[in-house]
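The structure appears below as structure tokens.
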Amino acid sequence: MSLTGGVLTVPAPSGAAATVVRRLSGATQRAVLTVGGSGDEPPVTIPRDPAREAARRELSKRMYHENDPGWFQRALDAFWDWLGRLFGTAASATPGGAVGLVVVILFAVAVLAALWWRLGTPRRRATSAAVLFDERPRSAAEHRAASEAHAAQGHWNQAVQERMRAIVRSLEERALLDARPGRTADEAAAEAGRVLPAHTDRLRAAAREFDDVTYGGRRAGEQSYHRLAELDRDLERTRPALAHSTAGTARSTRQGAAE
């Protein structure tokens, strides 16, 4: 825009803007001819509202929006604008501005990385409502055979699961545990510990191993399987500490003392 000889001049528009100007000029001229009659008569000024409506109708045509960004691009631009405003607000509230905010973010990432390295991947705690047997009833020998087959293939998770089931089923077959559907590994270990007190701690550890592998998302190893297999063999050789046997021994002791 410049003043030349006292006349205000504006650079000619180009592209889509020139098209809009030409169309608006044509519409204005047609409106003038319609209102004023002929081109020789003085032009008639169009009121503001009709002129605005004519411009709106012209600009709403599809040809002016062919290169507009799509909805995904608009949403992405809106997201980046929001993120920029958020970052700007946080930077203004942080000592040191943007540099201070970057330092705070790096410190938080370092703390999270240290916790992850120290504590490992978070694991869901086993639920006490999860049952030990979830398939058709099988004998202890069948569970042992399945466990050994899994161990031979290096499937330690399945080997540990089947060995724990073999332990509990063996105790049921020996009538040391009642055959109760819906029993959990923790419940079986607690009940078996009352009749086999010498193995209470190992039974509880085996139950935790089963829960961690089955419901806690952990992976078992060869050592875990061998611990359960050794416990299974030791339980087979262990005689139970039954209540009636303890009472009979106590009575015999009292009678011997009396004699």
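Going through the structure tokens in order, the chains are called A, B, and so on, while each chain numbers its residues from 1 and the ligands are numbered from 1 in the order shown.
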
Contact residues around stretch 98-108 of chain A with only C-alpha atoms at 12 Å, ignoring same-chain residues under 4 positions, as a list in words: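 Using only C-alpha atoms, the neighbours found are Gly84, Leu86, Phe87, Gly88, Thr89, Ala90, Ala91, Ser92, Ala93, Thr94, Leu112, Ala113, Ala114 and Leu115 of chain A.
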
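Restricting the calculation to only C-alpha atoms, the smallest distance between A:Gly221 and any of A:Leu177, A:Ala190, A:Trp71, A:Gln158 is found for A:Gln158.
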
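The interatomic distance for the pair atom CA of A:Pro181 and atom CA of A:Val168 works out to 11.9 Å.
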
Which residues, written as an mmCIF file with C-alpha atoms, in the first residue's frame, have at least one atom at most 12 Å from A:Ala189, with only C-alpha atoms counted and residues fewer than 2 positions away on the same chain left out?
```cif
data_model
loop_
_atom_site.group_PDB
_atom_site.id
_atom_site.type_symbol
_atom_site.label_atom_id
_atom_site.label_comp_id
_atom_site.auth_asym_id
_atom_site.auth_seq_id
_atom_site.Cartn_x
_atom_site.Cartn_y
_atom_site.Cartn_z
ATOM 1 C CA LEU A 132 -5.994 -74.898 42.473
ATOM 2 C CA MET A 164 1.873 -78.555 42.934
ATOM 3 C CA ARG A 165 -1.353 -80.189 41.826
ATOM 4 C CA ILE A 167 1.338 -82.761 45.737
ATOM 5 C CA VAL A 168 -2.177 -81.748 46.771
ATOM 6 C CA ARG A 169 -3.848 -84.633 44.957
ATOM 7 C CA LEU A 171 -2.367 -85.747 50.041
ATOM 8 C CA LEU A 176 -4.546 -86.332 54.717
ATOM 9 C CA LEU A 177 -6.683 -83.703 52.991
ATOM 10 C CA ARG A 183 -9.557 -75.234 47.260
ATOM 11 C CA THR A 184 -6.726 -72.749 46.671
ATOM 12 C CA ALA A 185 -3.023 -73.513 46.878
ATOM 13 C CA ASP A 186 -2.676 -71.418 50.041
ATOM 14 C CA GLU A 187 -5.561 -73.242 51.714
ATOM 15 C CA GLU A 191 -4.289 -77.594 55.904
ATOM 16 C CA ALA A 192 -1.415 -79.901 54.965
ATOM 17 C CA GLY A 193 0.913 -78.085 57.361
ATOM 18 C CA ARG A 194 -1.285 -79.107 60.291
ATOM 19 C CA VAL A 195 -0.812 -82.821 59.588
ATOM 20 C CA LEU A 196 2.753 -82.516 58.240
ATOM 21 C CA PRO A 197 4.222 -79.832 60.530
ATOM 22 C CA HIS A 199 7.094 -79.351 56.018
ATOM 23 C CA THR A 200 4.886 -76.340 56.807
ATOM 24 C CA ASP A 201 7.323 -73.731 55.508
ATOM 25 C CA ARG A 202 8.090 -75.653 52.317
ATOM 26 C CA LEU A 203 4.399 -76.173 51.630
ATOM 27 C CA ARG A 204 3.713 -72.461 51.988
ATOM 28 C CA ALA A 205 6.657 -71.632 49.721
ATOM 29 C CA ALA A 206 5.342 -74.086 47.124
ATOM 30 C CA ALA A 207 1.896 -72.465 47.269
ATOM 31 C CA ARG A 208 3.429 -69.019 46.752
ATOM 32 C CA GLU A 209 5.413 -70.362 43.807
ATOM 33 C CA PHE A 210 2.239 -71.751 42.265
ATOM 34 C CA ASP A 211 0.322 -68.472 42.775
#
```
